[in-house]
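**Student:** Sending over run.pdb (PDB, C-alpha atoms).
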ATOM      1  CA  MET A  11      27.909 -25.287   6.137  1.00  0.00           C
ATOM      2  CA  GLN A  12      26.099 -28.346   4.835  1.00  0.00           C
ATOM      3  CA  THR A  13      27.616 -30.131   1.849  1.00  0.00           C
ATOM      4  CA  VAL A  14      25.278 -30.007  -1.137  1.00  0.00           C
ATOM      5  CA  THR A  15      24.695 -33.455  -2.575  1.00  0.00           C
ATOM      6  CA  VAL A  16      22.118 -34.779  -4.993  1.00  0.00           C
ATOM      7  CA  GLU A  17      20.453 -36.454  -2.012  1.00  0.00           C
ATOM      8  CA  THR A  18      20.165 -33.149  -0.079  1.00  0.00           C
ATOM      9  CA  LEU A  19      18.835 -31.350  -3.175  1.00  0.00           C
ATOM     10  CA  TYR A  20      16.313 -34.146  -3.719  1.00  0.00           C
ATOM     11  CA  ALA A  21      15.155 -33.993  -0.084  1.00  0.00           C
ATOM     12  CA  ASP A  22      14.897 -30.177  -0.219  1.00  0.00           C
ATOM     13  CA  ILE A  23      12.795 -30.289  -3.395  1.00  0.00           C
ATOM     14  CA  LEU A  24      10.300 -32.662  -1.805  1.00  0.00           C
ATOM     15  CA  ALA A  25      10.304 -30.848   1.563  1.00  0.00           C
ATOM     16  CA  THR A  26       9.990 -27.276   0.277  1.00  0.00           C
ATOM     17  CA  GLY A  27       8.335 -27.770  -3.117  1.00  0.00           C
ATOM     18  CA  GLY A  28      11.259 -26.610  -5.219  1.00  0.00           C
ATOM     19  CA  MET A  29      14.765 -25.248  -5.602  1.00  0.00           C
ATOM     20  CA  THR A  30      17.030 -22.970  -7.585  1.00  0.00           C
ATOM     21  CA  TYR A  31      20.601 -24.226  -7.608  1.00  0.00           C
ATOM     22  CA  ARG A  32      23.924 -23.534  -9.246  1.00  0.00           C
ATOM     23  CA  PRO A  33      27.027 -25.201  -7.788  1.00  0.00           C
ATOM     24  CA  GLY A  34      29.140 -22.660  -5.902  1.00  0.00           C
ATOM     25  CA  THR A  35      26.664 -19.806  -6.373  1.00  0.00           C
ATOM     26  CA  PRO A  36      23.980 -18.600  -3.955  1.00  0.00           C
ATOM     27  CA  ALA A  37      20.409 -18.813  -5.219  1.00  0.00           C
ATOM     28  CA  PRO A  38      19.017 -15.443  -6.374  1.00  0.00           C
ATOM     29  CA  LEU A  39      17.041 -13.470  -3.784  1.00  0.00           C
ATOM     30  CA  SER A  40      15.328 -11.182  -6.292  1.00  0.00           C
ATOM     31  CA  GLY A  41      14.244 -11.064  -9.894  1.00  0.00           C
ATOM     32  CA  TYR A  42      12.380 -13.638 -11.929  1.00  0.00           C
ATOM     33  CA  MET A  43      13.370 -17.151 -12.934  1.00  0.00           C
ATOM     34  CA  VAL A  44      12.698 -17.910 -16.587  1.00  0.00           C
ATOM     35  CA  SER A  45      13.060 -21.441 -17.951  1.00  0.00           C
ATOM     36  CA  VAL A  46      15.037 -22.047 -21.108  1.00  0.00           C
ATOM     37  CA  ALA A  47      13.028 -23.808 -23.818  1.00  0.00           C
ATOM     38  CA  GLY A  48      14.032 -27.386 -24.528  1.00  0.00           C
ATOM     39  CA  ALA A  49      15.527 -28.131 -21.122  1.00  0.00           C
ATOM     40  CA  GLU A  50      12.300 -28.987 -19.308  1.00  0.00           C
ATOM     41  CA  ARG A  51      11.648 -32.408 -17.838  1.00  0.00           C
ATOM     42  CA  MET A  52       8.475 -33.561 -16.073  1.00  0.00           C
ATOM     43  CA  LEU A  53       8.402 -36.637 -13.827  1.00  0.00           C
ATOM     44  CA  PRO A  54       5.678 -38.128 -11.667  1.00  0.00           C
ATOM     45  CA  VAL A  55       6.602 -37.618  -8.007  1.00  0.00           C
ATOM     46  CA  ALA A  56       6.455 -41.413  -7.581  1.00  0.00           C
ATOM     47  CA  ARG A  57       9.276 -41.788 -10.169  1.00  0.00           C
ATOM     48  CA  PHE A  58      11.363 -38.847  -8.949  1.00  0.00           C
ATOM     49  CA  THR A  59      14.491 -40.179  -7.258  1.00  0.00           C
ATOM     50  CA  PRO A  60      17.958 -38.861  -6.452  1.00  0.00           C
ATOM     51  CA  ALA A  61      19.176 -40.846  -9.472  1.00  0.00           C
ATOM     52  CA  ALA A  62      16.639 -39.106 -11.746  1.00  0.00           C
ATOM     53  CA  LEU A  63      17.765 -35.706 -10.443  1.00  0.00           C
ATOM     54  CA  GLU A  64      21.412 -36.632 -10.901  1.00  0.00           C
ATOM     55  CA  GLN A  65      20.743 -37.789 -14.481  1.00  0.00           C
ATOM     56  CA  TYR A  66      18.996 -34.510 -15.289  1.00  0.00           C
ATOM     57  CA  MET A  67      21.893 -32.509 -13.845  1.00  0.00           C
ATOM     58  CA  ASP A  68      24.416 -34.625 -15.767  1.00  0.00           C
ATOM     59  CA  ASP A  69      22.469 -34.034 -18.992  1.00  0.00           C
ATOM     60  CA  TYR A  70      22.917 -30.247 -18.627  1.00  0.00           C
ATOM     61  CA  ARG A  71      26.262 -30.054 -16.796  1.00  0.00           C
ATOM     62  CA  ALA A  72      28.231 -28.992 -19.899  1.00  0.00           C
ATOM     63  CA  ARG A  73      25.721 -26.247 -20.702  1.00  0.00           C
ATOM     64  CA  MET A  74      25.901 -24.976 -17.125  1.00  0.00           C
ATOM     65  CA  LYS A  75      29.714 -24.786 -17.341  1.00  0.00           C
ATOM     66  CA  VAL A  76      29.719 -22.548 -20.415  1.00  0.00           C
ATOM     67  CA  THR A  77      26.867 -20.245 -19.371  1.00  0.00           C
ATOM     68  CA  ALA A  78      27.459 -18.745 -15.917  1.00  0.00           C
ATOM     69  CA  SER A  79      23.978 -17.205 -15.664  1.00  0.00           C
ATOM     70  CA  LEU A  80      22.088 -20.526 -15.702  1.00  0.00           C
ATOM     71  CA  TYR A  81      20.599 -22.338 -12.718  1.00  0.00           C
ATOM     72  CA  TYR A  82      19.031 -25.730 -12.225  1.00  0.00           C
ATOM     73  CA  GLY A  83      15.418 -25.354 -11.198  1.00  0.00           C
ATOM     74  CA  ALA A  84      12.836 -27.722  -9.771  1.00  0.00           C
ATOM     75  CA  TRP A  85       9.331 -27.443  -8.416  1.00  0.00           C
ATOM     76  CA  VAL A  86       6.588 -29.780  -7.350  1.00  0.00           C
ATOM     77  CA  ASP A  87       3.092 -29.184  -8.708  1.00  0.00           C
ATOM     78  CA  GLY A  88       0.491 -31.757  -7.794  1.00  0.00           C
ATOM     79  CA  ASP A  89       1.724 -35.234  -8.650  1.00  0.00           C
ATOM     80  CA  TYR A  90       4.637 -34.036 -10.806  1.00  0.00           C
ATOM     81  CA  VAL A  91       8.146 -32.688 -10.373  1.00  0.00           C
ATOM     82  CA  TYR A  92       9.304 -30.253 -13.039  1.00  0.00           C
ATOM     83  CA  LEU A  93      13.016 -29.844 -13.713  1.00  0.00           C
ATOM     84  CA  ASP A  94      14.469 -27.068 -15.825  1.00  0.00           C
ATOM     85  CA  VAL A  95      17.429 -24.883 -16.611  1.00  0.00           C
ATOM     86  CA  SER A  96      16.607 -21.260 -15.951  1.00  0.00           C
ATOM     87  CA  VAL A  97      18.043 -17.763 -15.902  1.00  0.00           C
ATOM     88  CA  ASN A  98      17.442 -14.981 -13.389  1.00  0.00           C
ATOM     89  CA  VAL A  99      16.152 -11.769 -14.945  1.00  0.00           C
ATOM     90  CA  GLN A 100      15.790  -8.691 -12.715  1.00  0.00           C
ATOM     91  CA  ASP A 101      13.231  -6.742 -14.785  1.00  0.00           C
ATOM     92  CA  ARG A 102       9.688  -8.162 -14.804  1.00  0.00           C
ATOM     93  CA  ALA A 103       8.783  -6.944 -18.293  1.00  0.00           C
ATOM     94  CA  GLU A 104      11.999  -8.410 -19.684  1.00  0.00           C
ATOM     95  CA  ALA A 105      11.370 -11.684 -17.835  1.00  0.00           C
ATOM     96  CA  GLU A 106       7.814 -11.914 -19.186  1.00  0.00           C
ATOM     97  CA  SER A 107       9.013 -11.186 -22.730  1.00  0.00           C
ATOM     98  CA  MET A 108      11.797 -13.761 -22.448  1.00  0.00           C
ATOM     99  CA  GLY A 109       9.354 -16.300 -20.998  1.00  0.00           C
ATOM    100  CA  ARG A 110       7.067 -15.894 -23.993  1.00  0.00           C
ATOM    101  CA  LEU A 111      10.024 -16.174 -26.408  1.00  0.00           C
ATOM    102  CA  GLU A 112      11.079 -19.373 -24.596  1.00  0.00           C
ATOM    103  CA  PHE A 113       7.516 -20.777 -24.908  1.00  0.00           C
ATOM    104  CA  GLN A 114       6.986 -20.842 -21.136  1.00  0.00           C
ATOM    105  CA  LEU A 115       3.588 -20.858 -19.438  1.00  0.00           C
ATOM    106  CA  ALA A 116       4.874 -18.966 -16.397  1.00  0.00           C
ATOM    107  CA  ILE A 117       7.852 -17.327 -14.717  1.00  0.00           C
ATOM    108  CA  PHE A 118       8.732 -17.338 -11.011  1.00  0.00           C
ATOM    109  CA  ASP A 119       8.948 -14.174  -8.883  1.00  0.00           C
ATOM    110  CA  VAL A 120      11.812 -14.989  -6.520  1.00  0.00           C
ATOM    111  CA  ALA A 121      11.261 -12.272  -3.886  1.00  0.00           C
ATOM    112  CA  ASN A 122       7.555 -13.027  -3.482  1.00  0.00           C
ATOM    113  CA  ALA A 123       7.775 -16.793  -4.147  1.00  0.00           C
ATOM    114  CA  GLU A 124       4.942 -16.517  -6.672  1.00  0.00           C
ATOM    115  CA  VAL A 125       4.276 -18.035 -10.059  1.00  0.00           C
ATOM    116  CA  ILE A 126       3.314 -15.480 -12.693  1.00  0.00           C
ATOM    117  CA  SER A 127       1.281 -16.968 -15.532  1.00  0.00           C
ATOM    118  CA  LEU A 128       2.081 -15.684 -18.997  1.00  0.00           C
TER     119      LEU A 128
END
Starting from the file, lay out its structure as structure tokens.
**Tutor:**
Amino acid sequence: MQTVTVETLYADILATGGMTYRPGTPAPLSGYMVSVAGAERMLPVARFTPAALEQYMDDYRARMKVTASLYYGAWVDGDYVYLDVSVNVQDRAEAESMGRLEFQLAIFDVANAEVISL
């Protein structure tokens, strides 16, 4: 089993276009990822570094410790990397409703690897 480091997460984000990660917990295989308002960060790909990822994770580490249902999320869209803290919701209608309440433009369908615009 490969050790998860900031460097391996960084490389995976750039190689695959994104990630869902929570230390010690497998990434969800179903449901919908919904970002939590206020935790979003957008960086140009050219300025995205392992240090930038580590800083983001440090900024939300305490929140992750007290809320077991949260995951770090990242995705690449065009020339930008988006970082967020998100929750996995199994019901689509609930995920869409939560996404709107959290002022999100979209949610992510994990099983089908598709973005659902809200």
**Student:** Can you turn the PyMOL selection byres ((chain A and resi 39) around 6) into a concrete residue list for this file, as number ranges by chain?
**Tutor:** A: 38, 40, 121
**Student:** Do you have the atom CA of A:Phe58-atom CA of A:Ala105 distance handy?
**Tutor:**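 Atom-to-atom, atom CA of A:Phe58 and atom CA of A:Ala105 are spaced 28.6 Å apart.
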**Student:** Using all atoms listed in the file and a cutoff of 12 Å, can you tell me which residues are near (-1.3, -33.0, -16.2) in the file's coordinates, and write them out as an mmCIF file with C-alpha atoms, in the frame of the given file?
**Tutor:**
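Dumped to point10.cif:
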data_model
loop_
_atom_site.group_PDB
_atom_site.id
_atom_site.type_symbol
_atom_site.label_atom_id
_atom_site.label_comp_id
_atom_site.auth_asym_id
_atom_site.auth_seq_id
_atom_site.Cartn_x
_atom_site.Cartn_y
_atom_site.Cartn_z
ATOM 1 C CA MET A 52 8.475 -33.561 -16.073
ATOM 2 C CA LEU A 53 8.402 -36.637 -13.827
ATOM 3 C CA PRO A 54 5.678 -38.128 -11.667
ATOM 4 C CA ASP A 87 3.092 -29.184 -8.708
ATOM 5 C CA GLY A 88 0.491 -31.757 -7.794
ATOM 6 C CA ASP A 89 1.724 -35.234 -8.650
ATOM 7 C CA TYR A 90 4.637 -34.036 -10.806
ATOM 8 C CA VAL A 91 8.146 -32.688 -10.373
ATOM 9 C CA TYR A 92 9.304 -30.253 -13.039
#
**Student:** Please compute the atom CA of A:Ala47-atom CA of A:Glu112 distance, one decimal, in Å.
**Tutor:** 4.9 Å
**Student:** May I ask which of the residues A:Glu106, A:Asp22, A:Glu17, A:Asp94 is the closest one to A:Thr59, counting all atoms listed in the file?
**Tutor:**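 So, comparing all the options, the nearest one is A:Glu17.
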**Student:** So, counting all atoms listed in the file, which residue among A:Val99, A:Val16, A:Val46, A:Ala116 is closest to A:Arg73?
**Tutor:**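 Answer, going by the shortest atom-to-atom distance: A:Val46.
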**Student:** So that I can check the surroundings of A:Gly27, please list as a VMD selection string every protein, DNA and RNA residue that reaches within 7 Å of it, counting only C-alpha atoms and ignoring chain neighbours fewer than 3 positions away.
**Tutor:** chain A and resid 23 to 24 85 to 86
**Student:** For those residues, write C-alpha atoms to a file as a PDB file, in the frame of the given file.
**Tutor:**
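Result went into out35.pdb, see below:
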ATOM      1  CA  ILE A  23      12.795 -30.289  -3.395  1.00  0.00           C
ATOM      2  CA  LEU A  24      10.300 -32.662  -1.805  1.00  0.00           C
ATOM      3  CA  TRP A  85       9.331 -27.443  -8.416  1.00  0.00           C
ATOM      4  CA  VAL A  86       6.588 -29.780  -7.350  1.00  0.00           C
TER       5      VAL A  86
END
**Student:** Kindly give the distance, in Å, that separates atom CA of A:Tyr81 and atom CA of A:Ser107, rounded to a single decimal.
**Tutor:**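 Distance between the two atoms: 18.9 Å.
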**Student:** Which of these, A:Val125, A:Ala78, A:Val95, A:Leu63, has the shortest distance to A:Thr18 once you count only C-alpha atoms?
**Tutor:**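 Among the listed residues, the smallest separation from A:Thr18 belongs to A:Leu63.
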**Student:** Determine the residue membership of the PyMOL selection byres ((chain A and resi 100) around 7) for the file above and supply it as JSON, numbers by chain.
**Tutor:** {"A": [40, 41, 42, 98, 99, 101, 102]}
**Student:** Determine the residue set returned by the PyMOL selection byres ((chain A and resi 113) around 12) for the present structure, and present it as a ChimeraX atom specification.
**Tutor:** /A:44-50,106-112,114-117,127-128
**Student:** Under the rule that all atoms listed in the file are counted, which of A:Met29, A:Ala62, A:Leu19, A:Ala72 is the nearest residue to A:Met43?
**Tutor:**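 Closest to A:Met43, using all atoms listed in the file: A:Met29.
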